[in-house]
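Trainee: This one is data_2.pdb, PDB, C-alpha atoms.
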MODEL        1
ATOM      1  CA  MET A   1       5.134  -0.086 -16.738
ATOM      2  CA  PRO A   2       7.594  -0.229 -19.682
ATOM      3  CA  ASP A   3       8.946  -3.519 -20.969
ATOM      4  CA  ASP A   4      12.220  -2.669 -19.236
ATOM      5  CA  MET A   5      13.258  -0.295 -16.478
ATOM      6  CA  THR A   6      16.480   0.961 -14.904
ATOM      7  CA  LEU A   7      17.877   0.593 -11.407
ATOM      8  CA  PRO A   8      20.904   2.183  -9.690
ATOM      9  CA  GLY A   9      24.036   0.230 -10.582
ATOM     10  CA  ASN A  10      25.069  -0.194  -6.950
ATOM     11  CA  LEU A  11      22.119  -2.479  -6.242
ATOM     12  CA  VAL A  12      23.826  -5.408  -7.976
ATOM     13  CA  PRO A  13      27.460  -6.586  -7.643
ATOM     14  CA  THR A  14      29.638  -5.496 -10.573
ATOM     15  CA  THR A  15      31.016  -9.018 -10.871
ATOM     16  CA  PRO A  16      28.355 -11.738 -10.915
ATOM     17  CA  ALA A  17      28.930 -15.029  -9.101
ATOM     18  CA  ALA A  18      30.431 -17.898 -11.090
ATOM     19  CA  GLU A  19      27.245 -19.893 -10.497
ATOM     20  CA  PRO A  20      23.798 -18.359  -9.871
ATOM     21  CA  ALA A  21      22.534 -18.760  -6.308
ATOM     22  CA  THR A  22      19.701 -21.233  -5.804
ATOM     23  CA  PRO A  23      16.451 -19.292  -5.262
ATOM     24  CA  ARG A  24      14.771 -19.724  -1.894
ATOM     25  CA  ASP A  25      11.002 -20.238  -1.796
ATOM     26  CA  ALA A  26       9.170 -17.122  -0.636
ATOM     27  CA  VAL A  27       5.695 -15.582  -0.695
ATOM     28  CA  THR A  28       4.255 -12.090  -0.811
ATOM     29  CA  VAL A  29       0.682 -10.927  -0.305
ATOM     30  CA  VAL A  30      -0.819  -7.864  -1.971
ATOM     31  CA  LEU A  31      -3.290  -6.594   0.627
ATOM     32  CA  LEU A  32      -6.044  -4.514  -0.966
ATOM     33  CA  ARG A  33      -8.950  -2.356   0.092
ATOM     34  CA  ASP A  34     -11.390   0.006  -1.619
ATOM     35  CA  GLY A  35     -10.627   3.493  -0.316
ATOM     36  CA  ALA A  36     -12.112   6.933  -0.844
ATOM     37  CA  GLU A  37      -9.893   7.489  -3.897
ATOM     38  CA  GLY A  38     -10.298   3.981  -5.280
ATOM     39  CA  LEU A  39      -8.365   0.747  -4.916
ATOM     40  CA  GLU A  40      -5.499   0.914  -2.391
ATOM     41  CA  ALA A  41      -2.584  -1.435  -1.696
ATOM     42  CA  PHE A  42      -0.658  -1.807   1.560
ATOM     43  CA  LEU A  43       3.073  -1.098   1.234
ATOM     44  CA  LEU A  44       5.955  -1.491   3.683
ATOM     45  CA  ARG A  45       9.196   0.441   3.265
ATOM     46  CA  ARG A  46      11.997  -1.960   4.182
ATOM     47  CA  VAL A  47      14.640  -0.711   6.585
ATOM     48  CA  LYS A  48      17.703   0.674   4.802
ATOM     49  CA  GLY A  49      20.776  -1.500   5.086
ATOM     50  CA  MET A  50      18.884  -4.801   4.968
ATOM     51  CA  ALA A  51      20.708  -7.450   2.986
ATOM     52  CA  PHE A  52      17.871  -7.754   0.467
ATOM     53  CA  ALA A  53      15.784  -4.869  -0.912
ATOM     54  CA  GLY A  54      16.842  -2.386   1.768
ATOM     55  CA  GLY A  55      14.906   0.880   1.431
ATOM     56  CA  MET A  56      12.496  -0.605  -1.114
ATOM     57  CA  SER A  57       8.704  -0.420  -0.765
ATOM     58  CA  VAL A  58       7.244  -3.916  -0.841
ATOM     59  CA  PHE A  59       4.157  -5.928  -0.030
ATOM     60  CA  PRO A  60       4.119  -8.065   3.160
ATOM     61  CA  GLY A  61       5.923 -11.355   2.703
ATOM     62  CA  GLY A  62       8.984 -13.458   3.408
ATOM     63  CA  GLY A  63      10.576 -16.866   3.261
ATOM     64  CA  VAL A  64       8.760 -20.182   3.583
ATOM     65  CA  ASP A  65       9.341 -21.999   6.890
ATOM     66  CA  ARG A  66       9.552 -25.799   6.687
ATOM     67  CA  ARG A  67       6.864 -25.931   9.393
ATOM     68  CA  ASP A  68       4.453 -24.168   7.027
ATOM     69  CA  ALA A  69       3.862 -27.560   5.400
ATOM     70  CA  ASP A  70       2.309 -28.967   8.600
ATOM     71  CA  THR A  71      -0.734 -31.007   7.556
ATOM     72  CA  SER A  72      -2.474 -30.472  10.912
ATOM     73  CA  VAL A  73      -3.481 -26.919   9.986
ATOM     74  CA  ALA A  74      -7.268 -26.491  10.077
ATOM     75  CA  TRP A  75      -8.063 -25.398   6.519
ATOM     76  CA  THR A  76     -10.984 -24.165   4.478
ATOM     77  CA  GLY A  77     -11.110 -23.018   0.878
ATOM     78  CA  PRO A  78      -9.344 -24.365  -2.214
ATOM     79  CA  GLU A  79      -7.438 -27.512  -1.255
ATOM     80  CA  PRO A  80      -3.641 -27.873  -1.592
ATOM     81  CA  LYS A  81      -4.208 -29.879  -4.807
ATOM     82  CA  TRP A  82      -5.800 -26.819  -6.431
ATOM     83  CA  TRP A  83      -2.912 -24.578  -5.368
ATOM     84  CA  ALA A  84      -0.415 -27.212  -6.515
ATOM     85  CA  ASP A  85      -1.901 -27.132 -10.003
ATOM     86  CA  VAL A  86      -1.793 -23.316 -10.067
ATOM     87  CA  PHE A  87       1.847 -23.065  -8.974
ATOM     88  CA  ASN A  88       3.007 -26.269 -10.704
ATOM     89  CA  VAL A  89       4.395 -27.834  -7.511
ATOM     90  CA  ASP A  90       3.542 -30.817  -5.314
ATOM     91  CA  GLU A  91       0.719 -30.587  -2.790
ATOM     92  CA  GLY A  92       2.997 -30.357   0.246
ATOM     93  CA  THR A  93       4.868 -27.416  -1.229
ATOM     94  CA  ALA A  94       1.615 -25.729  -2.240
ATOM     95  CA  ARG A  95       0.288 -26.116   1.310
ATOM     96  CA  ALA A  96       3.464 -24.498   2.621
ATOM     97  CA  PHE A  97       3.063 -21.536   0.242
ATOM     98  CA  VAL A  98      -0.501 -20.817   1.397
ATOM     99  CA  CYS A  99       0.363 -21.220   5.079
ATOM    100  CA  ALA A 100       3.437 -19.010   4.670
ATOM    101  CA  ALA A 101       1.285 -16.363   2.977
ATOM    102  CA  VAL A 102      -1.120 -16.298   5.935
ATOM    103  CA  ARG A 103       1.706 -16.354   8.502
ATOM    104  CA  GLU A 104       3.842 -13.645   6.868
ATOM    105  CA  THR A 105       0.834 -11.372   6.348
ATOM    106  CA  PHE A 106      -0.005 -11.630  10.038
ATOM    107  CA  GLU A 107       3.594 -11.144  11.156
ATOM    108  CA  GLU A 108       4.251  -8.082   9.015
ATOM    109  CA  SER A 109       0.875  -6.329   8.944
ATOM    110  CA  GLY A 110      -1.228  -7.751  11.760
ATOM    111  CA  VAL A 111      -3.842  -8.914   9.246
ATOM    112  CA  LEU A 112      -4.986 -12.466   9.933
ATOM    113  CA  LEU A 113      -6.663 -14.503   7.196
ATOM    114  CA  ALA A 114      -8.262 -16.966   9.584
ATOM    115  CA  GLY A 115     -11.441 -17.312  11.597
ATOM    116  CA  PRO A 116     -13.326 -19.443  14.118
ATOM    117  CA  ASP A 117     -14.944 -21.418  11.307
ATOM    118  CA  ALA A 118     -15.160 -21.753   7.529
ATOM    119  CA  THR A 119     -17.512 -18.788   7.086
ATOM    120  CA  SER A 120     -16.100 -16.169   9.463
ATOM    121  CA  VAL A 121     -12.878 -14.234   9.926
ATOM    122  CA  VAL A 122     -11.287 -12.655  12.988
ATOM    123  CA  ALA A 123     -12.408  -9.021  13.333
ATOM    124  CA  ASP A 124      -9.901  -7.869  15.957
ATOM    125  CA  THR A 125      -6.398  -9.360  15.934
ATOM    126  CA  SER A 126      -4.988  -7.322  18.837
ATOM    127  CA  ARG A 127      -5.697 -10.185  21.253
ATOM    128  CA  TYR A 128      -3.092 -12.240  19.369
ATOM    129  CA  ALA A 129      -0.254  -9.691  19.694
ATOM    130  CA  GLY A 130       1.817 -11.991  21.903
ATOM    131  CA  ALA A 131       1.433 -14.923  19.537
ATOM    132  CA  ARG A 132       2.304 -12.672  16.612
ATOM    133  CA  GLN A 133       5.675 -11.906  18.180
ATOM    134  CA  GLN A 134       6.223 -15.594  18.922
ATOM    135  CA  LEU A 135       5.617 -16.354  15.251
ATOM    136  CA  VAL A 136       8.162 -13.695  14.266
ATOM    137  CA  ASP A 137      10.687 -15.169  16.714
ATOM    138  CA  ARG A 138       9.950 -18.689  15.396
ATOM    139  CA  GLU A 139       8.942 -19.783  18.897
ATOM    140  CA  LEU A 140       5.561 -20.789  17.521
ATOM    141  CA  SER A 141       4.498 -22.327  14.219
ATOM    142  CA  LEU A 142       1.383 -21.292  12.332
ATOM    143  CA  ALA A 143      -0.196 -24.698  12.994
ATOM    144  CA  GLN A 144       0.389 -24.341  16.741
ATOM    145  CA  PHE A 145      -0.988 -20.805  16.796
ATOM    146  CA  LEU A 146      -4.161 -21.737  14.925
ATOM    147  CA  SER A 147      -4.717 -24.847  17.041
ATOM    148  CA  GLN A 148      -4.230 -23.046  20.352
ATOM    149  CA  ASN A 149      -6.792 -20.427  19.357
ATOM    150  CA  ASN A 150      -9.279 -22.724  17.592
ATOM    151  CA  LEU A 151      -8.853 -20.900  14.309
ATOM    152  CA  VAL A 152      -9.276 -22.106  10.737
ATOM    153  CA  LEU A 153      -6.978 -20.932   7.914
ATOM    154  CA  ARG A 154      -9.101 -19.222   5.228
ATOM    155  CA  ALA A 155      -7.404 -20.229   1.977
ATOM    156  CA  ASP A 156     -10.466 -18.892   0.162
ATOM    157  CA  LEU A 157      -9.454 -15.334   1.108
ATOM    158  CA  LEU A 158      -6.327 -15.621  -1.046
ATOM    159  CA  ARG A 159      -6.004 -15.660  -4.811
ATOM    160  CA  PRO A 160      -2.855 -16.565  -6.799
ATOM    161  CA  TRP A 161      -1.341 -13.737  -8.807
ATOM    162  CA  ALA A 162       2.209 -14.319 -10.116
ATOM    163  CA  ASN A 163       5.548 -16.082  -9.672
ATOM    164  CA  TRP A 164       8.658 -13.893  -9.795
ATOM    165  CA  VAL A 165      12.224 -15.197  -9.530
ATOM    166  CA  THR A 166      15.138 -12.917  -8.614
ATOM    167  CA  PRO A 167      17.538 -12.404 -11.561
ATOM    168  CA  GLU A 168      20.563 -14.696 -11.724
ATOM    169  CA  ASP A 169      23.009 -11.826 -11.106
ATOM    170  CA  GLU A 170      21.705 -11.246  -7.582
ATOM    171  CA  PRO A 171      23.622 -12.882  -4.694
ATOM    172  CA  ARG A 172      20.349 -13.443  -2.788
ATOM    173  CA  ARG A 173      17.622 -14.989  -4.891
ATOM    174  CA  TYR A 174      13.993 -15.817  -4.181
ATOM    175  CA  ASP A 175      11.366 -17.826  -6.038
ATOM    176  CA  THR A 176       8.378 -15.805  -4.872
ATOM    177  CA  ARG A 177       4.723 -16.656  -5.254
ATOM    178  CA  PHE A 178       2.500 -13.582  -5.266
ATOM    179  CA  PHE A 179      -1.001 -13.687  -3.762
ATOM    180  CA  VAL A 180      -3.726 -11.056  -3.542
ATOM    181  CA  ALA A 181      -6.123 -10.678  -0.602
ATOM    182  CA  ALA A 182      -8.793  -8.244   0.506
ATOM    183  CA  LEU A 183      -8.427  -6.620   3.916
ATOM    184  CA  PRO A 184     -10.970  -8.420   6.144
ATOM    185  CA  GLN A 185     -13.751  -6.259   7.555
ATOM    186  CA  GLY A 186     -12.871  -4.890  10.996
ATOM    187  CA  GLN A 187      -9.146  -5.532  10.702
ATOM    188  CA  ASN A 188      -6.359  -2.953  10.374
ATOM    189  CA  ALA A 189      -2.954  -3.279   8.719
ATOM    190  CA  ASP A 190      -0.402  -1.759  11.082
ATOM    191  CA  GLY A 191       3.045  -2.501   9.648
ATOM    192  CA  GLU A 192       4.444  -3.078  13.146
ATOM    193  CA  THR A 193       7.494  -5.040  12.060
ATOM    194  CA  THR A 194      11.171  -4.381  12.707
ATOM    195  CA  GLU A 195      11.820  -4.965   9.005
ATOM    196  CA  ALA A 196       9.929  -1.814   7.952
ATOM    197  CA  SER A 197      10.590   1.862   8.629
ATOM    198  CA  ASP A 198       7.057   2.886   7.668
ATOM    199  CA  ALA A 199       3.857   1.542   6.164
ATOM    200  CA  ALA A 200       1.013   3.097   4.205
ATOM    201  CA  TRP A 201      -2.060   2.443   2.090
ATOM    202  CA  GLN A 202      -1.782   4.006  -1.361
ATOM    203  CA  THR A 203      -3.571   3.837  -4.669
ATOM    204  CA  PRO A 204      -1.365   1.986  -7.158
ATOM    205  CA  GLY A 205      -1.169   5.095  -9.319
ATOM    206  CA  LYS A 206       0.073   7.239  -6.433
ATOM    207  CA  ALA A 207       2.655   4.627  -5.376
ATOM    208  CA  VAL A 208       4.020   4.450  -8.930
ATOM    209  CA  GLN A 209       4.049   8.243  -9.190
ATOM    210  CA  ASP A 210       6.050   8.414  -5.943
ATOM    211  CA  ALA A 211       8.545   5.979  -7.456
ATOM    212  CA  GLN A 212       8.821   7.974 -10.668
ATOM    213  CA  GLU A 213       9.444  11.167  -8.702
ATOM    214  CA  GLY A 214      11.961   9.648  -6.294
ATOM    215  CA  ARG A 215       9.849   9.398  -3.138
ATOM    216  CA  ARG A 216       9.726   5.595  -3.235
ATOM    217  CA  MET A 217      11.850   2.804  -4.602
ATOM    218  CA  LEU A 218       9.974  -0.107  -6.141
ATOM    219  CA  MET A 219      11.382  -3.411  -7.301
ATOM    220  CA  PRO A 220      10.188  -4.457 -10.780
ATOM    221  CA  PRO A 221       7.730  -7.125  -9.503
ATOM    222  CA  THR A 222       6.142  -4.625  -7.109
ATOM    223  CA  TRP A 223       5.857  -1.962  -9.800
ATOM    224  CA  ARG A 224       4.311  -4.314 -12.337
ATOM    225  CA  THR A 225       1.894  -5.765  -9.785
ATOM    226  CA  LEU A 226       0.749  -2.274  -8.809
ATOM    227  CA  ASP A 227       0.144  -1.516 -12.484
ATOM    228  CA  GLU A 228      -1.851  -4.738 -12.899
ATOM    229  CA  VAL A 229      -4.133  -4.401  -9.880
ATOM    230  CA  GLY A 230      -4.511  -0.669 -10.473
ATOM    231  CA  ALA A 231      -5.813  -1.311 -13.980
ATOM    232  CA  LEU A 232      -8.593  -3.504 -12.564
ATOM    233  CA  GLY A 233      -9.755  -0.705 -10.279
ATOM    234  CA  SER A 234     -11.483  -2.486  -7.370
ATOM    235  CA  VAL A 235     -10.946  -5.251  -4.844
ATOM    236  CA  GLY A 236     -13.819  -7.235  -6.339
ATOM    237  CA  ALA A 237     -12.345  -7.097  -9.826
ATOM    238  CA  VAL A 238      -8.894  -8.131  -8.618
ATOM    239  CA  MET A 239     -10.181 -11.055  -6.565
ATOM    240  CA  ALA A 240     -12.304 -12.254  -9.509
ATOM    241  CA  GLU A 241      -9.394 -12.138 -11.967
ATOM    242  CA  GLU A 242      -8.408 -15.537 -13.357
ATOM    243  CA  ARG A 243      -4.626 -15.773 -13.615
ATOM    244  CA  SER A 244      -2.307 -18.197 -15.359
ATOM    245  CA  VAL A 245       0.815 -18.200 -13.188
ATOM    246  CA  GLU A 246       4.097 -18.547 -15.078
ATOM    247  CA  LYS A 247       7.620 -17.975 -13.766
ATOM    248  CA  ILE A 248       9.017 -14.557 -14.609
ATOM    249  CA  ILE A 249      12.812 -14.195 -14.396
ATOM    250  CA  PRO A 250      13.973 -10.676 -15.335
ATOM    251  CA  LYS A 251      17.384 -10.243 -16.920
ATOM    252  CA  LEU A 252      19.781  -7.541 -15.715
ATOM    253  CA  ILE A 253      21.993  -5.701 -18.207
ATOM    254  CA  ARG A 254      24.598  -3.287 -16.857
ATOM    255  CA  ASP A 255      24.713  -0.051 -18.833
ATOM    256  CA  GLY A 256      27.290   2.313 -17.310
ATOM    257  CA  ASP A 257      26.090   3.490 -13.902
ATOM    258  CA  VAL A 258      22.650   1.952 -14.245
ATOM    259  CA  ILE A 259      21.184  -1.491 -14.708
ATOM    260  CA  ARG A 260      18.456  -2.191 -17.214
ATOM    261  CA  VAL A 261      15.863  -4.747 -16.136
ATOM    262  CA  VAL A 262      14.522  -6.634 -19.134
ATOM    263  CA  PHE A 263      11.404  -8.797 -18.903
ATOM    264  CA  GLN A 264      11.484 -11.824 -21.164
TER     265      GLN A 264
ENDMDL
END
Let me see the file written as structure tokens.
Mentor:
Amino acid sequence: MPDDMTLPGNLVPTTPAAEPATPRDAVTVVLLRDGAEGLEAFLLRRVKGMAFAGGMSVFPGGGVDRRDADTSVAWTGPEPKWWADVFNVDEGTARAFVCAAVRETFEESGVLLAGPDATSVVADTSRYAGARQQLVDRELSLAQFLSQNNLVLRADLLRPWANWVTPEDEPRRYDTRFFVAALPQGQNADGETTEASDAAWQTPGKAVQDAQEGRRMLMPPTWRTLDEVGALGSVGAVMAEERSVEKIIPKLIRDGDVIRVVFQ
């Protein structure tokens, strides 16, 4: 990916707000698998007309729910203190990020990073379809869902990747922590969410090529992340990568009918 890229000018208001909006905490999870043609990532195409990133291809993710910080969640893997150090936040906030990552991944793809104990993971998530919808409708919290089904959150199945903040010119802004995760054996990513018009597994190179040729629209963080994981070539290499997570806040510069995105 180049050091800057261009976007259609109509994606950002011509007149920026007097004061930048406060970014909302969010998470996204780059689901990966080793396919016949190499490393593949799971992408959702957001429904056109959505207030944020309508029509864009994205990884599963969403906003952090205050209930994601519930300390009663059965947990295995790196402790909240470890995640807090990685993301430079307090332990409660770090716990919420990890729980939100697991919850949003399940809601948007049907992939559940949890298991009956610290060494196993659910192989078939179809039995939890009803609970999945309750999570989407906010009728159920992640802690309640895990407790009711005697499941343990597998924080060890996630790895931190990046921290992207929406540019100041945008009316809706998110402070998004990116995670990577391998698709658990036996599970399928289905993309059965009302927020997506379609879903697909693609090699990073093919997804970027589709964007270059107009078959997909990718936001800068998605594009760069695809480039990064694609360069590593396999799930094992991605999950073993040691990352220093720093905030990245792109700058938008209007240039006629297009907007240049500059990475500083």
Trainee: Using the chain letters and numbering of this document, enumerate as a list of chain:residue names the residues selected by the PyMOL selection byres ((chain A and resi 125-136) around 8).
Mentor: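 What the PyMOL selection byres ((chain A and resi 125-136) around 8) grabs from the file is A:Arg103, A:Phe106, A:Glu107, A:Gly110, A:Val111, A:Leu112, A:Val122, A:Ala123, A:Asp124, A:Asp137, A:Arg138, A:Glu139, A:Leu140, A:Ser141, A:Leu142, A:Phe145, A:Gln187.
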Trainee: Counting all atoms listed in the file, which residue out of A:Val261, A:Leu32, A:Ala181, A:Leu153 sits closest to Ala118 in chain A?
Mentor: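 So, comparing all the options, the nearest one is A:Leu153.
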Trainee: Once you count all atoms listed in the file, which residues end up no further than 9 Å from (-12.5, -16.6, 14.5) in the file's frame, shown as a VMD selection string?
Mentor: chain A and resid 114 to 117 120 to 123 149 to 152
Trainee: Name the residues captured by the PyMOL selection byres ((chain A and resi 182) around 7) when it is applied to the shown file; answer as a ChimeraX atom specification.
Mentor: /A:31-33,181,183-184,235
Trainee: Identify, on the basis of all atoms listed in the file, every residue whose closest approach to Pro80 in chain A does not exceed 12 Å; exclude the query and any residue fewer than 5 positions from it along the same chain; express the result as a PyMOL selection string.
Mentor: chain A and resi 69-71+73+75+85-99+155-156
Trainee: Closest to Leu157 in chain A among A:Gly62, A:Gly77, A:Gly191, A:Gly233, using only C-alpha atoms?
Mentor: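 Smallest distance to Leu157 in chain A is found for A:Gly77.
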Trainee: Name all residues at most 12 Å from Val245 in chain A (count all atoms listed in the file; drop same-chain ones fewer than 3 positions away) and give them as a PyMOL selection string.
Mentor: chain A and resi 83-89+159-164+176-179+241-242+248
